[in-house]
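A.B. asks: Dropping the structure in here first, questions after.
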2 protein chains.
Amino acid sequence: MLKLSKKVEYGLIAIRHMASIESITTAKEISEHYKLPFDLLAKVMQKLSKNKIIASHQGIHGGYKLAKSADSISIMDIIQTIEGHIPGIVQCIDEGLEKCSIHQNCTIRNPLHKIQENLESVFNNLKVSELV
Amino acid sequence: MLKLSKKVEYGLIAIRHMASIESITTAKEISEHYKLPFDLLAKVMQKLSKNKIIASHQGIHGGYKLAKSADSISIMDIIQTIEGHIPGIVQCIDEGLEKCSIHQNCTIRNPLHKIQENLESVFNNLKVSELV
DNA sequence: AAACTAACGGACTTAAATAGTCGTATTATA
DNA sequence: TATAATACGACTATTTAAGTCCGTTAGTTT
Ligand code: SF4
Ligand code: SF4
């Protein structure tokens, strides 16, 4: 409950790595350096690349590097990219109100949505450049 | 990811219900009123009772009511009671550093622990009396 | 004392989300 | 043309969450 996924952790580690070096790097390099499962990391980096957070170069001396400055990438950008959406702490935020079978009797929605806002601002305000 | 469990939601609904009325109420009453699965709700309430957040009375006119004032119960109290522990956003908080297979190479631990602190204070500072 | 009703508690099953793997295609370079 | 990298989709396995079942215990009322 309330746990970040490993994919997000791997993404954060990879992004932080790229932010700390200047040159291009590869998924293999990162997976070996940090002992991360290669296939999983590779897919995470592909998503980050697709969303223009990192830039990719195929071919024999290819790899990845940051596509923007470290202080313009928020943790939420990374989470949203990897998970596909902003994570909600309750079903009605993720899937819409109607999807929750008890929404007509729900008395806790408003306060939980306030908590959600707090949570989002925490992840929005923390930038990659502050990952120290 | 980052989602509250239904057990916690059910607990919050039940607690809020008890906070809004004066008299004793039963698990059956709440489960019917809010259309919650009885067995699951019952176990949640038993945990809340065991941790002295609500008081139980067995027997034919028994039931539950709050054991303390609504402004002295935090959302974290409820979460901690139902989940059995304070939830950590990463493995090393829940299970200890050694349990994470990559902890020796982890570069993101410190900032994530900061986020954890933020998160905890949000849940600690919100009281049942503010569930509106 | 018997019947009733509500809390108590453990074991179990099912469903869903997460984590990890595999195979293959594409692309750029040397 | 061989090589090394990204790119993608399908698949399996593991873990967690959700829900159910069944029997027990304990007060109340008749
Ligand atoms: S119970 Fe209320 S807060 Fe939870 S998902 Fe349903 S509507 Fe949203
Ligand atoms: S990767 Fe780092 S932050 Fe995540 S659980 Fe392991 S030690 Fe903790």
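We label chains A, B, ... in the order they appear in the structure tokens, count residues from 1 in each chain, and number ligands from 1 in the order shown.
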Would you kindly report the residues of chain A within 10 Å of chain D, using only C-alpha atoms (C1' of nucleotides), as a list in words?

C.D. replies: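 Residues passing the distance filter: Met1, Thr26, Ala27, Lys28, Ala42, Lys43, Met45, Gln46, Ser56, His57, Gln58, Gly59, Ile60, His61, Gly62, Gly63 and Tyr64 of chain A.
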
A.B. asks: Kindly provide the residues of chain B that approach ligand 2 to within 12 Å, each paired with its closest atom pair and their distance in Å to one decimal, based on only C-alpha atoms and all ligand atoms, listed by chain and increasing number, as JSON lines.

C.D. replies:
```
{"residue": "B:Gly88", "atom": "CA", "partner": "ligand 2", "partner_atom_place_in_ligand_line": "5 (S)", "distance": 9.5}
{"residue": "B:Ile89", "atom": "CA", "partner": "ligand 2", "partner_atom_place_in_ligand_line": "5 (S)", "distance": 8.5}
{"residue": "B:Val90", "atom": "CA", "partner": "ligand 2", "partner_atom_place_in_ligand_line": "5 (S)", "distance": 4.7}
{"residue": "B:Gln91", "atom": "CA", "partner": "ligand 2", "partner_atom_place_in_ligand_line": "5 (S)", "distance": 4.1}
{"residue": "B:Cys92", "atom": "CA", "partner": "ligand 2", "partner_atom_place_in_ligand_line": "8 (Fe)", "distance": 4.2}
{"residue": "B:Ile93", "atom": "CA", "partner": "ligand 2", "partner_atom_place_in_ligand_line": "8 (Fe)", "distance": 6.7}
{"residue": "B:Asp94", "atom": "CA", "partner": "ligand 2", "partner_atom_place_in_ligand_line": "5 (S)", "distance": 8.7}
{"residue": "B:Glu95", "atom": "CA", "partner": "ligand 2", "partner_atom_place_in_ligand_line": "5 (S)", "distance": 8.7}
{"residue": "B:Gly96", "atom": "CA", "partner": "ligand 2", "partner_atom_place_in_ligand_line": "8 (Fe)", "distance": 8.3}
{"residue": "B:Leu97", "atom": "CA", "partner": "ligand 2", "partner_atom_place_in_ligand_line": "7 (S)", "distance": 5.8}
{"residue": "B:Glu98", "atom": "CA", "partner": "ligand 2", "partner_atom_place_in_ligand_line": "7 (S)", "distance": 8.0}
{"residue": "B:Lys99", "atom": "CA", "partner": "ligand 2", "partner_atom_place_in_ligand_line": "6 (Fe)", "distance": 7.9}
{"residue": "B:Cys100", "atom": "CA", "partner": "ligand 2", "partner_atom_place_in_ligand_line": "6 (Fe)", "distance": 4.5}
{"residue": "B:Ser101", "atom": "CA", "partner": "ligand 2", "partner_atom_place_in_ligand_line": "6 (Fe)", "distance": 6.8}
{"residue": "B:Ile102", "atom": "CA", "partner": "ligand 2", "partner_atom_place_in_ligand_line": "6 (Fe)", "distance": 5.6}
{"residue": "B:His103", "atom": "CA", "partner": "ligand 2", "partner_atom_place_in_ligand_line": "7 (S)", "distance": 3.9}
{"residue": "B:Gln104", "atom": "CA", "partner": "ligand 2", "partner_atom_place_in_ligand_line": "7 (S)", "distance": 7.4}
{"residue": "B:Asn105", "atom": "CA", "partner": "ligand 2", "partner_atom_place_in_ligand_line": "2 (Fe)", "distance": 7.7}
{"residue": "B:Cys106", "atom": "CA", "partner": "ligand 2", "partner_atom_place_in_ligand_line": "2 (Fe)", "distance": 4.4}
{"residue": "B:Thr107", "atom": "CA", "partner": "ligand 2", "partner_atom_place_in_ligand_line": "2 (Fe)", "distance": 6.6}
{"residue": "B:Ile108", "atom": "CA", "partner": "ligand 2", "partner_atom_place_in_ligand_line": "3 (S)", "distance": 5.6}
{"residue": "B:Arg109", "atom": "CA", "partner": "ligand 2", "partner_atom_place_in_ligand_line": "3 (S)", "distance": 4.0}
{"residue": "B:Asn110", "atom": "CA", "partner": "ligand 2", "partner_atom_place_in_ligand_line": "3 (S)", "distance": 7.6}
{"residue": "B:Pro111", "atom": "CA", "partner": "ligand 2", "partner_atom_place_in_ligand_line": "3 (S)", "distance": 8.6}
{"residue": "B:Leu112", "atom": "CA", "partner": "ligand 2", "partner_atom_place_in_ligand_line": "3 (S)", "distance": 6.4}
{"residue": "B:His113", "atom": "CA", "partner": "ligand 2", "partner_atom_place_in_ligand_line": "3 (S)", "distance": 7.8}
{"residue": "B:Lys114", "atom": "CA", "partner": "ligand 2", "partner_atom_place_in_ligand_line": "3 (S)", "distance": 11.0}
{"residue": "B:Ile115", "atom": "CA", "partner": "ligand 2", "partner_atom_place_in_ligand_line": "3 (S)", "distance": 11.0}
{"residue": "B:Gln116", "atom": "CA", "partner": "ligand 2", "partner_atom_place_in_ligand_line": "3 (S)", "distance": 10.7}
```

A.B. asks: Sorted by chain and rising residue number, list the residues of chain B at most 12 Å from ligand 1 (counting only C-alpha atoms and all ligand atoms), each with its closest atom pair and distance in Å to one decimal, as a Markdown table.

C.D. replies:
```
| residue | atom | partner | partner_atom_place_in_ligand_line | distance |
| --- | --- | --- | --- | --- |
| B:Lys3 | CA | ligand 1 | 5 (S) | 9.9 |
| B:Leu4 | CA | ligand 1 | 4 (Fe) | 8.6 |
| B:Ser5 | CA | ligand 1 | 4 (Fe) | 9.1 |
| B:Lys6 | CA | ligand 1 | 4 (Fe) | 7.4 |
| B:Lys7 | CA | ligand 1 | 4 (Fe) | 10.2 |
| B:Val8 | CA | ligand 1 | 4 (Fe) | 9.4 |
| B:Glu9 | CA | ligand 1 | 4 (Fe) | 6.0 |
| B:Tyr10 | CA | ligand 1 | 1 (S) | 7.6 |
| B:Gly11 | CA | ligand 1 | 1 (S) | 10.6 |
| B:Leu12 | CA | ligand 1 | 1 (S) | 9.5 |
| B:Ile13 | CA | ligand 1 | 1 (S) | 8.1 |
| B:Ala14 | CA | ligand 1 | 1 (S) | 11.4 |
| B:Tyr34 | CA | ligand 1 | 1 (S) | 9.4 |
| B:Lys35 | CA | ligand 1 | 1 (S) | 10.4 |
| B:Leu36 | CA | ligand 1 | 1 (S) | 9.6 |
| B:Leu131 | CA | ligand 1 | 3 (S) | 11.7 |
```

A.B. asks: Could you turn the residues from that selection into a file that holds all heavy atoms, as a compact mmCIF listing (two decimals), in the first residue's frame?

C.D. replies:
```
# COMPACT_ATOMS: atom_id res chain seq x y z
N LYS B 3 -1.70 3.56 -3.95
CA LYS B 3 -3.12 3.53 -3.64
C LYS B 3 -3.39 3.06 -2.21
O LYS B 3 -2.72 2.17 -1.70
CB LYS B 3 -3.85 2.62 -4.63
CG LYS B 3 -5.35 2.92 -4.68
CD LYS B 3 -5.96 2.38 -5.96
CE LYS B 3 -5.32 3.04 -7.15
NZ LYS B 3 -5.79 2.58 -8.44
N LEU B 4 -4.37 3.69 -1.59
CA LEU B 4 -4.85 3.22 -0.30
C LEU B 4 -5.58 1.90 -0.50
O LEU B 4 -6.20 1.70 -1.54
CB LEU B 4 -5.81 4.24 0.32
CG LEU B 4 -5.24 5.57 0.77
CD1 LEU B 4 -6.37 6.50 1.22
CD2 LEU B 4 -4.25 5.39 1.91
N SER B 5 -5.55 1.03 0.48
CA SER B 5 -6.29 -0.22 0.36
C SER B 5 -7.77 0.02 0.65
O SER B 5 -8.13 0.99 1.31
CB SER B 5 -5.74 -1.27 1.33
OG SER B 5 -6.04 -0.90 2.65
N LYS B 6 -8.60 -0.88 0.14
CA LYS B 6 -10.03 -0.78 0.41
C LYS B 6 -10.29 -0.94 1.90
O LYS B 6 -11.20 -0.32 2.45
CB LYS B 6 -10.80 -1.84 -0.38
CG LYS B 6 -10.93 -1.53 -1.86
CD LYS B 6 -11.80 -0.29 -2.11
CE LYS B 6 -11.95 0.01 -3.59
NZ LYS B 6 -12.68 1.28 -3.84
N LYS B 7 -9.51 -1.76 2.56
CA LYS B 7 -9.67 -1.92 4.00
C LYS B 7 -9.55 -0.58 4.72
O LYS B 7 -10.33 -0.27 5.61
CB LYS B 7 -8.65 -2.92 4.55
CG LYS B 7 -8.99 -4.36 4.20
CD LYS B 7 -8.25 -5.37 5.09
CE LYS B 7 -6.79 -5.47 4.75
NZ LYS B 7 -6.15 -6.63 5.41
N VAL B 8 -8.55 0.19 4.31
CA VAL B 8 -8.39 1.51 4.93
C VAL B 8 -9.57 2.40 4.59
O VAL B 8 -10.11 3.10 5.46
CB VAL B 8 -7.07 2.15 4.49
CG1 VAL B 8 -7.04 3.63 4.83
CG2 VAL B 8 -5.89 1.44 5.15
N GLU B 9 -10.03 2.34 3.36
CA GLU B 9 -11.19 3.17 3.00
C GLU B 9 -12.41 2.76 3.83
O GLU B 9 -13.14 3.63 4.34
CB GLU B 9 -11.49 3.02 1.50
CG GLU B 9 -10.49 3.75 0.62
CD GLU B 9 -11.06 4.01 -0.79
OE1 GLU B 9 -11.97 4.83 -0.92
OE2 GLU B 9 -10.58 3.35 -1.74
N TYR B 10 -12.61 1.46 3.97
CA TYR B 10 -13.75 1.00 4.75
C TYR B 10 -13.61 1.46 6.21
O TYR B 10 -14.59 1.86 6.84
CB TYR B 10 -13.87 -0.53 4.68
CG TYR B 10 -14.12 -1.08 3.30
CD1 TYR B 10 -13.88 -2.42 2.99
CD2 TYR B 10 -14.60 -0.26 2.27
CE1 TYR B 10 -14.10 -2.93 1.71
CE2 TYR B 10 -14.82 -0.77 0.99
CZ TYR B 10 -14.56 -2.10 0.72
OH TYR B 10 -14.78 -2.61 -0.55
N GLY B 11 -12.41 1.38 6.71
CA GLY B 11 -12.17 1.82 8.08
C GLY B 11 -12.47 3.30 8.24
O GLY B 11 -13.10 3.71 9.23
N LEU B 12 -12.04 4.08 7.28
CA LEU B 12 -12.29 5.53 7.35
C LEU B 12 -13.78 5.83 7.31
O LEU B 12 -14.29 6.67 8.07
CB LEU B 12 -11.58 6.24 6.19
CG LEU B 12 -10.05 6.29 6.27
CD1 LEU B 12 -9.46 6.82 4.97
CD2 LEU B 12 -9.62 7.17 7.45
N ILE B 13 -14.49 5.12 6.43
CA ILE B 13 -15.94 5.33 6.34
C ILE B 13 -16.61 4.97 7.67
O ILE B 13 -17.46 5.71 8.17
CB ILE B 13 -16.53 4.49 5.17
CG1 ILE B 13 -16.09 5.08 3.83
CG2 ILE B 13 -18.04 4.43 5.27
CD1 ILE B 13 -16.45 4.23 2.62
N ALA B 14 -16.18 3.85 8.23
CA ALA B 14 -16.79 3.40 9.48
C ALA B 14 -16.50 4.38 10.62
O ALA B 14 -17.40 4.75 11.38
CB ALA B 14 -16.27 2.00 9.84
N TYR B 34 -23.61 1.57 3.94
CA TYR B 34 -22.66 2.03 2.91
C TYR B 34 -22.40 0.97 1.85
O TYR B 34 -21.54 1.15 1.00
CB TYR B 34 -21.35 2.45 3.58
CG TYR B 34 -21.51 3.61 4.55
CD1 TYR B 34 -21.66 3.39 5.91
CD2 TYR B 34 -21.54 4.92 4.09
CE1 TYR B 34 -21.82 4.45 6.80
CE2 TYR B 34 -21.70 5.98 4.96
CZ TYR B 34 -21.85 5.74 6.31
OH TYR B 34 -22.01 6.79 7.19
N LYS B 35 -23.09 -0.14 1.93
CA LYS B 35 -22.93 -1.24 0.97
C LYS B 35 -21.49 -1.77 0.95
O LYS B 35 -20.90 -1.97 -0.11
CB LYS B 35 -23.34 -0.79 -0.43
CG LYS B 35 -24.73 -0.15 -0.50
CD LYS B 35 -25.74 -1.19 -0.91
CE LYS B 35 -27.16 -0.68 -1.12
NZ LYS B 35 -27.43 0.73 -1.13
N LEU B 36 -20.97 -2.02 2.13
CA LEU B 36 -19.62 -2.56 2.23
C LEU B 36 -19.69 -4.06 2.52
O LEU B 36 -20.61 -4.51 3.19
CB LEU B 36 -18.86 -1.87 3.37
CG LEU B 36 -18.84 -0.34 3.36
CD1 LEU B 36 -18.07 0.18 4.57
CD2 LEU B 36 -18.24 0.18 2.07
N LEU B 131 -12.66 15.09 8.73
CA LEU B 131 -13.14 14.30 7.58
C LEU B 131 -14.47 14.85 7.07
O LEU B 131 -15.53 14.27 7.32
CB LEU B 131 -13.30 12.83 7.95
CG LEU B 131 -12.05 11.98 8.11
CD1 LEU B 131 -12.43 10.54 8.36
CD2 LEU B 131 -11.17 12.09 6.88
```

A.B. asks: Ranking A:Gln80, A:Ser129, A:Ser31, A:Thr25 by minimum distance to Lys68 (chain A) and counting only C-alpha atoms, which one comes first?

C.D. replies: A:Ser129

A.B. asks: Using only C-alpha atoms (C1' of nucleotides), which residues of chain C come within 12 Å of chain B, and what is the closest atom pair for each, with the distance in Å to one decimal? Give it as a Markdown table, sorted by chain and residue number.

C.D. replies:
```
| residue | atom | partner | partner_atom | distance |
| --- | --- | --- | --- | --- |
| C:DA3 | C1' | B:Ile60 | CA | 10.9 |
| C:DC4 | C1' | B:Ile60 | CA | 7.0 |
| C:DT5 | C1' | B:Ile60 | CA | 4.4 |
| C:DA6 | C1' | B:Gly59 | CA | 5.1 |
| C:DA7 | C1' | B:Gln58 | CA | 5.1 |
| C:DC8 | C1' | B:Gln46 | CA | 7.4 |
| C:DG9 | C1' | B:Lys43 | CA | 8.7 |
| C:DG10 | C1' | B:Lys43 | CA | 11.3 |
| C:DA17 | C1' | B:Met1 | CA | 8.6 |
| C:DT18 | C1' | B:Met1 | CA | 9.1 |
```

A.B. asks: Can you check which residues of chain A DSSP gives as helix (DSSP H, G or I) on the backbone and send them as a PyMOL selection string?

C.D. replies: chain A and resi 6-20+27-34+38-50+70-72+75-83+91-95+97-99+103-105+109-125+128-130

A.B. asks: Report as a list in words: the residues of chain A with a DSSP assignment of strand (DSSP E or B), based on the backbone of this structure.

C.D. replies: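 Going through chain A, the strand (DSSP E or B) residues come out as Thr25, Ile54, Ala55, Ser56, His57, Gly63, Tyr64, Lys65, Leu66, Ser74 and Lys127 of chain A.
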
A.B. asks: Pick out the closest residue to chain B from this set: A:Asp77, A:Glu83, A:Asp39, A:Glu22. Count only C-alpha atoms.

C.D. replies: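 The answer is A:Glu83, which sits nearest to chain B.
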
A.B. asks: I need the residue nearest Ile73 (chain A) from this list: A:His33, A:Leu119, A:Ile53, A:Val44. Use only C-alpha atoms for the distance.

C.D. replies: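 Checking each candidate against Ile73 (chain A), we get A:Ile53 as the closest.
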
A.B. asks: With only C-alpha atoms as the basis for distance, which of A:Lys127, A:Lys52, A:Lys65, A:Lys47 is at the shortest distance from chain B?

C.D. replies: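 Counting only C-alpha atoms, the residue closest to chain B is A:Lys127.
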
A.B. asks: Looking at only C-alpha atoms, which of B:Ser69, B:Leu2, B:Lys50, B:Pro37 is the one that sits closest to Glu120 (chain A)?

C.D. replies: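 Checking each of B:Ser69, B:Leu2, B:Lys50, B:Pro37 against Glu120 (chain A), counting only C-alpha atoms, the winner is B:Leu2.
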
A.B. asks: Restricting the calculation to only C-alpha atoms, which member of A:Pro87, A:Ala19, A:Asn125, A:Ala55 is positioned closest to chain B?

C.D. replies: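 Going through A:Pro87, A:Ala19, A:Asn125, A:Ala55 one by one, the smallest distance to chain B is for A:Pro87.
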